[in-house]
Every structure is written in C-alpha cells, then in structure tokens.
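Next up, data.cif (mmCIF, C-alpha atoms):
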data_model
loop_
_atom_site.label_atom_id
_atom_site.label_comp_id
_atom_site.auth_asym_id
_atom_site.auth_seq_id
_atom_site.Cartn_x
_atom_site.Cartn_y
_atom_site.Cartn_z
CA MET A 1 144.90 83.28 104.34
CA MET A 2 143.99 85.87 101.72
CA GLY A 3 140.75 87.34 100.45
CA ALA A 4 139.02 90.39 99.02
CA VAL A 5 136.79 92.91 100.79
CA TYR A 6 133.13 92.27 99.85
CA THR A 7 131.87 95.20 101.93
CA GLU A 8 133.00 97.27 104.92
CA THR A 9 132.05 99.97 107.39
CA VAL A 10 133.65 102.06 110.11
CA VAL A 11 131.73 101.86 113.39
CA TYR A 12 131.42 105.02 115.52
CA THR A 13 128.62 103.98 117.92
CA ALA A 14 129.36 100.65 119.58
CA PRO A 15 128.06 98.37 122.34
CA PRO A 16 129.86 98.59 125.73
CA ALA A 17 132.23 95.70 124.89
CA PHE A 18 133.61 97.55 121.85
CA GLU A 19 133.43 101.19 122.97
CA ARG A 20 137.18 101.37 123.66
CA ASP A 21 137.90 100.40 120.02
CA VAL A 22 135.81 103.16 118.39
CA PRO A 23 136.19 104.03 115.56
CA TYR A 24 136.94 100.57 114.15
CA GLN A 25 136.49 98.95 110.75
CA VAL A 26 134.41 95.81 110.21
CA ALA A 27 134.40 93.99 106.87
CA ILE A 28 132.91 90.96 105.19
CA VAL A 29 135.77 89.26 103.39
CA THR A 30 135.42 86.75 100.57
CA LEU A 31 138.29 84.35 101.20
CA ASP A 32 140.11 82.86 98.22
CA SER A 33 138.42 79.55 99.16
CA GLY A 34 135.08 81.23 98.34
CA GLU A 35 133.88 81.31 101.96
CA ARG A 36 132.73 84.65 103.41
CA VAL A 37 133.57 85.75 106.95
CA THR A 38 132.95 88.87 109.01
CA GLY A 39 136.04 90.23 110.67
CA ARG A 40 137.91 93.32 111.80
CA ILE A 41 140.40 95.35 109.82
CA GLU A 42 143.67 96.46 111.44
CA GLY A 43 145.96 99.17 110.12
CA VAL A 44 144.99 101.27 107.13
CA ARG A 45 141.32 101.48 106.11
CA VAL A 46 140.26 99.24 103.27
CA LYS A 47 137.56 99.59 100.62
CA ILE A 48 135.49 97.14 98.57
CA ASP A 49 137.63 94.83 96.36
CA ASP A 50 140.86 95.56 98.29
CA ARG A 51 142.99 92.46 98.89
CA VAL A 52 143.45 91.59 102.57
CA VAL A 53 145.43 89.01 104.50
CA LEU A 54 144.49 87.32 107.79
CA SER A 55 146.87 88.58 110.46
CA GLU A 56 145.44 86.75 113.49
CA THR A 57 142.32 85.29 115.07
CA ARG A 58 141.41 86.61 118.55
CA ASP A 59 138.50 85.08 120.53
CA GLY A 60 137.20 83.55 117.32
CA VAL A 61 137.28 86.86 115.44
CA PRO A 62 139.46 87.06 112.31
CA PHE A 63 141.58 90.23 112.02
CA PHE A 64 142.68 91.21 108.51
CA ARG A 65 145.06 93.82 107.18
CA LYS A 66 145.48 95.30 103.74
CA SER A 67 147.79 93.24 101.60
CA GLU A 68 150.62 95.16 99.93
CA MET B 69 90.95 79.47 103.94
CA ARG B 70 88.29 82.07 104.75
CA PRO B 71 88.52 85.86 104.38
CA VAL B 72 89.71 87.91 107.37
CA ALA B 73 89.39 91.60 108.26
CA VAL B 74 90.90 94.14 110.65
CA VAL B 75 87.97 95.44 112.74
CA GLY B 76 89.77 97.69 115.21
CA THR B 77 93.08 99.50 115.72
CA GLY B 78 94.74 101.36 118.60
CA LYS B 79 98.16 102.92 119.19
CA THR B 80 100.00 104.87 121.82
CA ARG B 81 102.06 107.86 120.82
CA PHE B 82 105.65 106.79 120.12
CA GLY B 83 108.43 108.53 122.03
CA VAL B 84 110.42 108.59 125.27
CA PHE B 85 108.14 107.92 128.24
CA PRO B 86 110.21 107.52 131.43
CA ASP B 87 107.09 107.30 133.61
CA ARG B 88 105.44 104.48 131.65
CA ASN B 89 106.16 100.76 131.91
CA LEU B 90 105.81 98.18 129.14
CA ARG B 91 102.44 96.92 130.38
CA SER B 92 100.83 100.35 130.62
CA LEU B 93 101.82 101.12 127.01
CA ALA B 94 100.42 97.81 125.71
CA VAL B 95 97.24 98.23 127.76
CA GLU B 96 96.67 101.75 126.42
CA ALA B 97 96.96 100.51 122.82
CA GLY B 98 94.74 97.50 123.57
CA LEU B 99 91.99 99.56 125.23
CA LYS B 100 91.97 102.07 122.34
CA CYS B 101 91.71 99.13 119.95
CA LEU B 102 88.77 97.55 121.81
CA GLU B 103 87.01 100.90 121.80
CA ASP B 104 87.71 101.52 118.11
CA GLY B 105 86.39 98.07 117.13
CA HIS B 106 83.49 98.09 119.63
CA VAL B 107 84.74 94.73 120.88
CA LYS B 108 84.48 93.48 124.46
CA PRO B 109 87.49 91.68 125.99
CA SER B 110 85.24 88.64 126.59
CA GLN B 111 84.65 88.34 122.82
CA LEU B 112 88.35 87.74 122.11
CA GLU B 113 89.29 84.09 121.61
CA ALA B 114 93.09 84.51 121.60
CA PHE B 115 95.79 87.11 122.24
CA PHE B 116 99.06 87.37 120.33
CA LEU B 117 101.85 89.71 121.44
CA GLY B 118 104.83 90.78 119.35
CA ASN B 119 107.79 91.78 121.49
CA PHE B 120 111.48 91.64 120.68
CA ALA B 121 113.42 92.01 123.90
CA GLY B 122 111.26 92.80 126.92
CA PRO B 123 113.40 90.50 129.09
CA SER B 124 116.56 92.47 128.16
CA PHE B 125 115.08 95.98 128.03
CA VAL B 126 112.91 95.82 131.17
CA GLY B 127 113.62 92.45 132.81
CA GLN B 128 110.11 91.06 132.36
CA ASN B 129 109.29 87.68 130.86
CA HIS B 130 105.99 85.85 130.31
CA LEU B 131 104.76 88.95 128.58
CA ALA B 132 101.61 87.86 126.75
CA PRO B 133 99.44 87.00 129.78
CA TYR B 134 101.16 89.87 131.68
CA VAL B 135 99.50 92.21 129.16
CA SER B 136 96.31 90.35 128.21
CA ASN B 137 95.00 89.87 131.74
CA ALA B 138 95.54 93.55 132.48
CA LEU B 139 93.31 94.19 129.45
CA GLY B 140 90.55 92.02 130.90
CA ILE B 141 91.25 89.20 128.46
CA HIS B 142 91.15 86.05 130.60
CA ASP B 143 91.38 82.28 130.12
CA VAL B 144 92.17 82.30 126.37
CA PRO B 145 95.56 81.45 124.84
CA ALA B 146 98.00 84.37 125.20
CA THR B 147 101.24 83.92 123.25
CA ARG B 148 104.33 86.08 122.72
CA ILE B 149 106.09 85.93 119.37
CA GLU B 150 109.68 87.13 118.83
CA ALA B 151 111.15 87.80 115.40
CA ALA B 152 113.42 90.79 116.06
CA CYS B 153 111.96 93.95 114.45
CA ALA B 154 109.31 91.81 112.72
CA SER B 155 107.97 90.44 116.03
CA SER B 156 104.50 91.95 115.78
CA GLY B 157 104.34 91.49 112.01
CA SER B 158 104.92 87.82 112.69
CA ALA B 159 102.33 87.83 115.51
CA PHE B 160 99.88 89.38 113.02
CA PHE B 161 100.69 86.74 110.40
CA HIS B 162 100.08 83.90 112.89
CA ALA B 163 96.87 85.48 114.21
CA VAL B 164 95.45 85.98 110.71
CA SER B 165 96.46 82.46 109.73
CA ALA B 166 94.65 81.02 112.76
CA VAL B 167 91.46 82.99 112.05
CA SER B 168 91.66 82.18 108.36
CA ALA B 169 92.01 78.48 109.17
CA GLY B 170 88.85 78.65 111.31
CA LEU B 171 90.56 78.17 114.68
CA TYR B 172 89.16 81.45 116.03
CA ASP B 173 86.69 84.12 114.89
CA VAL B 174 88.00 87.17 116.79
CA VAL B 175 91.54 87.75 118.16
CA MET B 176 93.73 90.64 119.28
CA VAL B 177 97.30 91.15 118.11
CA ALA B 178 99.41 93.69 119.98
CA GLY B 179 103.03 94.77 119.74
CA VAL B 180 105.06 96.61 122.35
CA GLU B 181 108.61 97.67 123.18
CA LYS B 182 109.94 99.76 126.04
CA MET B 183 113.48 100.70 124.96
CA THR B 184 114.42 104.03 126.46
CA SER B 185 115.09 102.93 130.02
CA GLN B 186 118.52 101.68 128.84
CA PRO B 187 121.48 103.84 127.71
CA THR B 188 122.16 103.91 123.94
CA SER B 189 125.22 101.64 124.15
CA ARG B 190 123.17 98.95 125.95
CA VAL B 191 120.28 99.39 123.45
CA THR B 192 122.84 98.90 120.65
CA GLU B 193 124.00 95.68 122.33
CA ILE B 194 120.45 94.34 122.80
CA LEU B 195 119.53 95.13 119.19
CA ALA B 196 122.73 93.42 118.00
CA SER B 197 121.50 90.16 119.56
CA ALA B 198 119.12 89.92 116.58
CA GLY B 199 122.21 89.30 114.43
CA ASP B 200 124.30 86.12 114.38
CA CYS B 201 126.10 86.32 117.73
CA ASP B 202 128.69 83.66 116.80
CA GLY B 203 130.16 85.54 113.84
CA GLU B 204 129.23 89.05 112.80
CA ILE B 205 128.26 90.33 116.25
CA ARG B 206 131.35 88.90 117.97
CA ALA B 207 133.42 90.83 115.43
CA GLY B 208 131.88 94.11 116.64
CA SER B 209 129.00 94.54 114.18
CA THR B 210 126.06 96.62 115.31
CA PHE B 211 122.75 96.89 113.49
CA PRO B 212 123.65 100.24 111.95
CA SER B 213 126.96 98.71 110.82
CA LEU B 214 125.23 95.75 109.14
CA PHE B 215 123.02 98.12 107.16
CA ALA B 216 126.04 100.37 106.53
CA MET B 217 127.79 97.40 104.91
CA ILE B 218 124.64 96.76 102.85
CA ALA B 219 124.58 100.45 101.84
CA ASN B 220 128.24 100.45 100.82
CA ARG B 221 127.76 97.40 98.62
CA HIS B 222 124.55 98.86 97.10
CA MET B 223 126.47 102.07 96.33
CA HIS B 224 129.30 100.02 94.80
CA ASP B 225 127.02 97.82 92.64
CA PHE B 226 124.39 100.35 91.53
CA GLY B 227 125.88 103.83 91.97
CA THR B 228 123.51 104.69 94.83
CA ARG B 229 124.66 107.94 96.43
CA ARG B 230 124.72 109.48 99.91
CA GLU B 231 122.20 112.08 98.64
CA HIS B 232 119.76 109.27 97.77
CA LEU B 233 119.89 107.95 101.34
CA ALA B 234 119.41 111.46 102.70
CA ALA B 235 116.37 112.01 100.44
CA VAL B 236 114.60 109.12 102.23
CA ALA B 237 115.27 110.75 105.62
CA VAL B 238 114.09 114.18 104.43
CA LYS B 239 110.85 112.72 103.02
CA ASN B 240 110.03 110.61 106.09
CA HIS B 241 110.74 113.51 108.46
CA ALA B 242 108.43 115.74 106.39
CA ASN B 243 105.66 113.12 106.68
CA GLY B 244 106.23 112.49 110.37
CA ALA B 245 106.04 116.20 111.13
CA LEU B 246 102.33 115.95 110.22
CA ASN B 247 101.73 112.91 112.46
CA PRO B 248 100.58 113.87 115.97
CA ASP B 249 101.62 110.43 117.29
CA ALA B 250 105.16 110.55 115.85
CA HIS B 251 108.24 110.44 118.08
CA LEU B 252 110.21 113.14 116.22
CA ARG B 253 108.05 115.76 114.49
CA LYS B 254 110.83 117.69 112.85
CA VAL B 255 111.28 118.76 109.23
CA ILE B 256 114.92 118.43 108.11
CA THR B 257 116.78 119.71 105.05
CA LEU B 258 118.95 117.68 102.70
CA GLU B 259 122.01 119.53 104.07
CA GLN B 260 121.11 118.55 107.65
CA ALA B 261 120.49 114.95 106.62
CA LEU B 262 123.92 114.81 105.00
CA ALA B 263 125.70 116.34 107.98
CA GLY B 264 124.43 114.11 110.80
CA LYS B 265 126.77 112.63 113.38
CA PRO B 266 128.41 109.49 111.91
CA VAL B 267 127.09 106.17 113.31
CA ALA B 268 128.55 103.56 110.94
CA ASP B 269 129.98 104.88 107.69
CA PRO B 270 128.19 105.81 105.34
CA LEU B 271 125.18 106.01 107.73
CA ASN B 272 124.76 108.95 110.07
CA LEU B 273 122.20 109.66 112.76
CA TYR B 274 119.62 110.81 110.17
CA ASP B 275 119.82 107.47 108.36
CA CYS B 276 118.82 105.57 111.51
CA SER B 277 115.36 104.97 112.94
CA LEU B 278 114.62 106.10 116.48
CA ILE B 279 114.92 104.35 119.82
CA SER B 280 111.34 104.61 121.07
CA ASP B 281 108.77 103.40 123.57
CA GLY B 282 105.34 102.51 122.24
CA ALA B 283 102.63 99.98 121.54
CA ALA B 284 100.04 99.17 118.91
CA ALA B 285 97.13 96.73 118.66
CA VAL B 286 94.66 95.45 116.11
CA ILE B 287 91.64 93.14 116.29
CA VAL B 288 91.38 90.60 113.51
CA ALA B 289 88.10 88.82 112.76
CA ALA B 290 86.57 86.45 110.26
CA ALA B 291 85.18 88.72 107.52
CA ASP B 292 81.66 87.32 107.95
CA ARG B 293 81.75 88.37 111.62
CA ALA B 294 83.11 91.86 110.89
CA GLY B 295 79.58 93.25 110.70
CA ASP B 296 78.95 92.24 114.35
CA PHE B 297 81.25 95.07 115.40
CA SER B 298 80.59 98.67 114.62
CA GLY B 299 84.15 99.56 113.59
CA LYS B 300 85.03 100.17 109.95
CA PRO B 301 86.46 96.86 108.78
CA VAL B 302 89.34 96.64 106.31
CA ARG B 303 90.02 93.43 104.36
CA ILE B 304 93.30 91.52 104.74
CA LEU B 305 93.78 90.53 101.12
CA GLY B 306 97.14 88.83 101.57
CA VAL B 307 99.67 88.20 104.33
CA ALA B 308 102.87 86.17 104.15
CA GLN B 309 106.01 85.62 106.19
CA ALA B 310 109.36 84.38 104.90
CA SER B 311 112.83 83.77 106.34
CA ASP B 312 116.54 83.82 105.50
CA TYR B 313 119.97 83.55 107.18
CA LEU B 314 120.64 85.86 110.13
CA ALA B 315 124.27 86.52 109.16
CA LEU B 316 125.00 88.80 106.23
CA ASP B 317 128.13 86.80 105.41
CA GLN B 318 125.95 83.74 104.65
CA LYS B 319 124.01 85.57 101.94
CA ALA B 320 125.06 85.39 98.29
CA ASP B 321 124.10 89.04 97.68
CA ILE B 322 123.46 91.52 100.48
CA THR B 323 121.90 94.20 98.23
CA THR B 324 118.60 92.31 98.13
CA PHE B 325 116.52 90.53 100.76
CA PRO B 326 115.24 87.14 99.54
CA ALA B 327 112.76 86.98 102.46
CA VAL B 328 111.15 90.24 101.30
CA LYS B 329 110.83 88.96 97.75
CA ALA B 330 109.41 85.60 98.88
CA ALA B 331 106.87 87.15 101.29
CA ALA B 332 105.84 89.75 98.70
CA GLU B 333 105.36 87.16 95.98
CA LYS B 334 103.09 85.08 98.22
CA ALA B 335 101.13 88.09 99.47
CA TYR B 336 100.58 89.43 95.93
CA ASP B 337 99.46 85.97 94.86
CA MET B 338 96.98 85.64 97.75
CA ALA B 339 95.58 89.10 97.06
CA GLY B 340 95.48 88.58 93.29
CA VAL B 341 97.31 91.86 92.70
CA GLU B 342 100.66 92.98 91.29
CA ALA B 343 103.20 95.41 92.66
CA GLY B 344 101.96 98.06 90.24
CA ASP B 345 98.43 97.86 91.68
CA ILE B 346 99.53 98.82 95.21
CA GLU B 347 98.63 102.48 95.80
CA PHE B 348 100.73 103.21 98.89
CA GLY B 349 102.89 101.47 101.46
CA GLU B 350 104.34 101.51 104.95
CA LEU B 351 107.84 100.05 104.51
CA HIS B 352 110.42 99.06 107.10
CA ASP B 353 112.83 102.01 107.01
CA CYS B 354 114.92 100.95 110.02
CA PHE B 355 117.70 102.61 108.02
CA THR B 356 117.34 104.75 104.89
CA ILE B 357 119.02 102.09 102.75
CA ALA B 358 116.40 99.56 103.93
CA GLU B 359 113.58 101.62 102.38
CA ILE B 360 115.53 101.90 99.12
CA ILE B 361 116.07 98.13 98.91
CA ALA B 362 112.48 97.38 99.97
CA LEU B 363 111.22 99.47 97.03
CA GLU B 364 113.27 97.22 94.74
CA ASP B 365 112.46 93.88 96.41
CA LEU B 366 108.72 94.61 96.48
CA GLY B 367 108.86 95.30 92.74
CA PHE B 368 107.87 98.98 93.07
CA VAL B 369 111.00 100.12 91.16
CA PRO B 370 113.61 98.27 89.06
CA ARG B 371 116.66 96.76 90.80
CA GLY B 372 119.22 99.42 91.64
CA GLN B 373 116.79 102.29 91.05
CA GLY B 374 115.55 102.69 94.64
CA GLY B 375 117.95 105.56 95.34
CA PRO B 376 117.33 107.73 92.25
CA CYS B 377 113.55 107.11 92.46
CA SER B 378 113.52 108.22 96.12
CA ALA B 379 115.46 111.39 95.27
CA ALA B 380 113.08 112.12 92.36
CA GLY B 381 109.98 112.22 94.59
CA TYR B 382 108.46 108.90 93.45
CA THR B 383 107.72 107.96 97.08
CA ALA B 384 106.58 111.39 98.34
CA ARG B 385 102.99 111.89 99.55
CA ASP B 386 102.14 113.40 96.16
CA GLY B 387 104.35 110.96 94.24
CA ALA B 388 103.37 107.93 92.15
CA LYS B 389 103.82 105.52 95.08
CA PRO B 390 103.65 107.26 98.46
CA ILE B 391 105.77 105.42 101.04
CA ASN B 392 105.68 105.93 104.79
CA ALA B 393 103.12 108.73 104.89
CA SER B 394 103.12 108.08 108.66
CA GLY B 395 106.75 109.23 108.90
CA GLY B 396 108.03 105.65 108.98
CA LEU B 397 110.35 104.21 111.59
CA LYS B 398 112.63 107.19 110.92
CA SER B 399 110.29 109.86 112.26
CA LYS B 400 107.24 108.08 113.70
CA GLY B 401 109.64 106.00 115.80
CA HIS B 402 110.64 102.34 116.08
CA PRO B 403 109.63 100.65 119.32
CA VAL B 404 110.86 97.41 117.78
CA GLY B 405 108.16 94.96 118.87
CA ALA B 406 105.34 97.42 118.15
CA THR B 407 106.39 98.36 114.62
CA GLY B 408 104.72 95.59 112.56
CA VAL B 409 101.28 96.13 114.04
CA ALA B 410 101.73 99.92 114.00
CA GLN B 411 102.31 99.70 110.23
CA ILE B 412 99.02 97.78 109.89
CA CYS B 413 97.28 100.52 111.94
CA ASP B 414 98.74 103.20 109.64
CA VAL B 415 97.65 101.43 106.45
CA VAL B 416 94.15 100.84 107.89
CA GLN B 417 93.91 104.52 108.87
CA GLN B 418 94.70 105.56 105.28
CA ILE B 419 92.20 103.09 103.80
CA ARG B 420 89.50 104.38 106.16
CA GLY B 421 90.34 107.93 105.06
CA GLU B 422 91.17 108.99 108.62
CA ALA B 423 94.79 110.13 108.21
CA GLY B 424 94.09 113.85 108.53
CA GLU B 425 96.78 116.06 107.01
CA ARG B 426 98.67 112.96 105.82
CA GLN B 427 95.66 111.52 103.96
CA LEU B 428 96.70 110.27 100.54
CA ALA B 429 94.71 110.87 97.35
CA ARG B 430 94.66 107.16 96.41
CA HIS B 431 94.11 105.00 99.46
CA SER B 432 92.06 101.90 98.66
CA LEU B 433 94.91 99.34 98.39
CA GLY B 434 97.93 99.50 100.73
CA LEU B 435 100.90 97.33 101.68
CA ALA B 436 102.87 96.92 104.91
CA GLN B 437 106.38 95.44 104.91
CA ASN B 438 107.95 94.51 108.27
CA LEU B 439 111.59 93.36 108.32
CA GLY B 440 113.34 91.48 111.14
CA GLY B 441 117.06 91.83 111.72
CA SER B 442 119.11 92.32 108.58
CA GLY B 443 116.50 90.44 106.56
CA ALA B 444 116.12 87.06 108.30
CA THR B 445 112.36 87.56 108.73
CA CYS B 446 109.94 89.51 106.58
CA VAL B 447 106.17 89.87 106.76
CA VAL B 448 104.24 91.49 103.91
CA THR B 449 100.56 92.37 104.31
CA ILE B 450 98.17 93.72 101.69
CA LEU B 451 95.06 95.51 102.92
CA GLY B 452 92.12 96.85 100.98
CA GLU B 453 88.60 98.19 101.23
CA ILE B 454 85.90 95.64 102.09
#
Final structure tokens representation of the file:
Amino acid sequence: MMGAVYTETVVYTAPPAFERDVPYQVAIVTLDSGERVTGRIEGVRVKIDDRVVLSETRDGVPFFRKSE
Amino acid sequence: MRPVAVVGTGKTRFGVFPDRNLRSLAVEAGLKCLEDGHVKPSQLEAFFLGNFAGPSFVGQNHLAPYVSNALGIHDVPATRIEAACASSGSAFFHAVSAVSAGLYDVVMVAGVEKMTSQPTSRVTEILASAGDCDGEIRAGSTFPSLFAMIANRHMHDFGTRREHLAAVAVKNHANGALNPDAHLRKVITLEQALAGKPVADPLNLYDCSLISDGAAAVIVAAADRAGDFSGKPVRILGVAQASDYLALDQKADITTFPAVKAAAEKAYDMAGVEAGDIEFGELHDCFTIAEIIALEDLGFVPRGQGGPCSAAGYTARDGAKPINASGGLKSKGHPVGATGVAQICDVVQQIRGEAGERQLARHSLGLAQNLGGSGATCVVTILGEI
C-alpha cells in the first residue's frame, strides 16, 4: 500500500508506553485510495509530500517507510 | 431567549501547588467569586463544573457535588461537564443557555484541574486521551505532536515560519510577566523562544502551554436580576459551542478548525457584531500555532496571515487587536478544566477596567475562544459592557 505524507512530526517527549522509542516520527499519510491514516515512520525521516509504502501493521498501527 | 450577565468572578493563582487538592482550589475560586458578586450560596439555583480528567489526575470522581457542597451550595443540581481543554467553556455555554432559556436565574460555573501531582510522561498520556485513542494516539501521537503536525502543514501551505511561532510565545510571556496570578512570570527573548528543548518538531518547550494547577469560577445571572447583586455586571452578548472529529486524519484540512469557525459565526450573529468590532481577545494558545490559527478562524486576520501578523505586533497589548493580555495558556498557565472559565474572568476583568498594568486602552467588547483537543470542541463567547 502506497501513499504520500500529508504532515509529520518527530516526537521527543512521549507517554510511558512510547518512551523507549524516542525520538520517533509520526505522520498522517494520504493513501492512494484517498483515505488518511496516522502511522509511524521507520527508517529515514520523511517530509510532507514524500512517497511512502506500508511496511507492516503492528497492534493496529501502520508503519510506513520512504519509498525509493 | 433572555439576556444574561456575568455578575461575579473568582480565580486562584495558577501554578504548581503540591499542598493543595482539587477541591480546595475549586472552593477558593468559588468563594472569591461569591464575594466578588455579593451572592450567597443559597441564592444559586444550579452548579456546573468543567473538569477534564480529575479521575485520572487525582483519582476522584463525582466531582460537581464534591465541590459544590464544600462551597455551601446544597440541594441544587450539580453537574460536571467534560470536553477536554474546553470543559469549562462548555460548562459555561450550558449554564448560560439554561439561564437564557429561563430554567434558572442565578447559577455558578466553575472549572478546575489539578495536574502537577503526576509526572510529565503520565500527564502527556492523560492529555493524549482527549485524542482518538483508536488511531492517532495508538500510533504514538501526543498533544504536542498533533499540533506539531498542524504547524508543519500550516508552514508548508502558507509559509508560516518558526520565528512566527516564537513571536507568539515572546508576546504571551511579556503579558504574563505583568499578571500576578500567572504560573510563569518570565519575559523571554526571541532567541530563547527559538532555542527551547524540542518537544515535537517543530514545537519546542516555549511553544507549549504549561502544566498547571488552578481553578476559576463565574456567576451567571439573568440580566434583569443582575442589579440585585452589587458586583459589576458584564453582558454575555453571544456564546456558542461547536464540534468536529477528534482525529486529525479525519479532517479534510488540518490548518483550520471548522468548530472554531462555526462557534464564532454563531456567537457573532447572536451578538450582532463582526470580527472587526471585537476590541480584544483571550484565545486558546495551548500551542503557539493554535493562537495563529485561531486569529485566522475567528476572522481577525486573513487565512495564512496569522504568523506574519503575530510577528508584526498586531496582537500585542498596544497592537490593533490585543490577544491574551493575561499571558494566555502559555504564561498564565493551563489547568485544563479551569481554562475556559478563567478566560471569561480575564475578559470580564478587562471590561471592568480592573486589569492593572495589563489594562488595555480599548476594552468594551471582548472575545474568549476555548478549544478542546485538537479542535473537536470549541466555545466562543462575546462579552461587553452592560
């Protein structure tokens, strides 16, 4: 599944459940189907309009990475 | 619908008060309010309490009668209202609506939050529960990160710059430094505001409102009864509440808040005024970007111009439209459930001409804008001289 980054941020202050992941990138992705989802970015940081691909879904959370 | 007035106000200082519990803060604000309005507890016909997360922050539920009976307000309906950071704005809206409809003549609305007994990471988690826990929050979003994503998109679409965000923080800190009740009375420079510890890129610590304890209360009465009390009444010319999706990813455009626009439109209509008529405002600057977008959504500046206008001094105390002369949530503090009513207190204080060093030159028509979550609830109130 592919999409484009609508917006993103890198989180430095997190709730207890996510503290071990800090800093981590969260993004809202507009999927090619038109639907928007909030997910995590793995690998290199992305910016608005970058193309991303869904790499996996863990505990209901989509993880994307930058598409080459 | 009949006219309604604010006949009394009371607030605690905002800050970190390890020796105070939630009830003692709310009672202090309530007693000050009764004294200010020259109202006896037995004259109140209902009690509304805005509180976001007392059960999570301090482990207490059933909060409205917990507070009201300690204030000597017995027998009457006592109701808690929760709408995230707009909890007491919403409580105010419902109280005014009930008085306006003729259900009651005199009621108290209070707001309270006791946040600082929890560590920051737990506070972050509790605040995040005002977002959509199925999607955005499960993915690791925090409230700063939601507004950071809004800021990044606003920067992308309109050319808003980091310096524009920082200008909001510098201005609100300068105002708050003059407010004896403010949580953080500290003047900061643009350089300091730009160099704060990162929280969620592009927002740093100086872009974020404070984690505070505090309470505020107002007494609302039918305008034709306002003369029975010896306070200085202020007219509620318009008040409206509107709603939207919790999750940012459900919104077509995250650089504007439809609930703010809808509430503002209704409130302007009720008051028979336009955005240009409003002389000053207390806006919901939970994050610096939120004040910038509120300026746009309320119609104070054109879309996309909130940043440059803030940097140019438009919203300073001596600017064309002074915003957050109290210091705002940024410097005055943001005990979440208290904020909406505290904004009403601050606007009333300006209209009465009792704001001391922060007193504005033009102060006869003011607006308060209280935002819940990342825009799912908004309450806009317009207040003016009787």
| task | For the structure shown, which residues end up in the PyMOL selection byres ((chain B) within 6 of (chain A))? Put them as an MDAnalysis selection string, please? | result | chainID B and resid 189 192:193 204 207 217 221 267:269 317
| Expected selection from the PyMOL selection byres ((chain B and resi 425) around 10), given as a count of residues only | 11
| Leaving out Ser156 of chain B and any residue of its chain fewer than 5 positions from it, which residues lie within 9 Å of it when counting only C-alpha atoms, given as a PyMOL selection string? | chain B and resi 116-120+149-151+161+177-180+404-410+438
| request: Let me know the residues the PyMOL selection byres ((chain B and resi 198) around 12) catches in the file above, as a PyMOL selection string. | output: chain B and resi 120-121+150-155+191-197+199-202+204-205+209-211+214+313-316+404+439-445
| message | Considering only C-alpha atoms, can you say which of B:Pro266, B:Gly140, B:Gly170, B:Gly203 comes closest to Ala289 of chain B? | response |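 Answer, going by the shortest atom-to-atom distance: B:Gly170.
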Adding 3 Å on each side of the box along x, y and z that holds all listed atoms of segment 4-23 of chain A, could you give its centre and edge lengths in Å to one decimal, as JSON?
{"center_x": 133.5, "center_y": 97.7, "center_z": 112.4, "size_x": 17.0, "size_y": 20.6, "size_z": 32.7}
| said: Residues near Val369 of chain B, anyone? I mean within 10 Å using all atoms listed in the file, not counting same-chain ones fewer than 3 positions away, as a list of chain:residue names. | reply: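 Neighbouring residues, sequence-local ones excluded: B:Ala343, B:Gly344, B:Ile360, B:Ile361, B:Ala362, B:Leu363, B:Glu364, B:Asp365, B:Leu366, B:Gly372, B:Gln373, B:Gly374, B:Gly375, B:Pro376, B:Cys377, B:Ser378, B:Tyr382, B:Lys389.
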| field | Interatomic distance (Å, one decimal) between atom CA of Lys300 of chain B and atom CA of Gly421 of chain B | value |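 That distance, rounded to one decimal, is 10.6 Å.
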| message | Just to confirm, what's the straight-line distance from atom CA of Gly105 of chain B to atom CA of Ala163 of chain B in Å (one decimal)? | response |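 If I compute the distance from atom CA of Gly105 of chain B to atom CA of Ala163 of chain B, I get 16.6 Å.
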| field | Sphere at (94.9, 84.3, 109.9), radius 12 Å, counting all atoms listed in the file: residues as number ranges by chain | value | B: 69-74, 114, 116, 158-177, 287-291, 303-309, 449
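Residues in contact range of Cys413 of chain B, defined as at most 9 Å between all atoms listed in the file, with sequence neighbours fewer than 4 positions away removed, read Gly76, Thr77, Gly78, Lys79, Ala284, Ala285, Val286, Gly408, Val409, Gln417 and Gln418 of chain B.
When all atoms listed in the file are used to compute distances to Gly34 of chain A, the closest of the residues A:Arg20, A:Ala4, A:Arg65, A:Val52 turns out to be A:Ala4.
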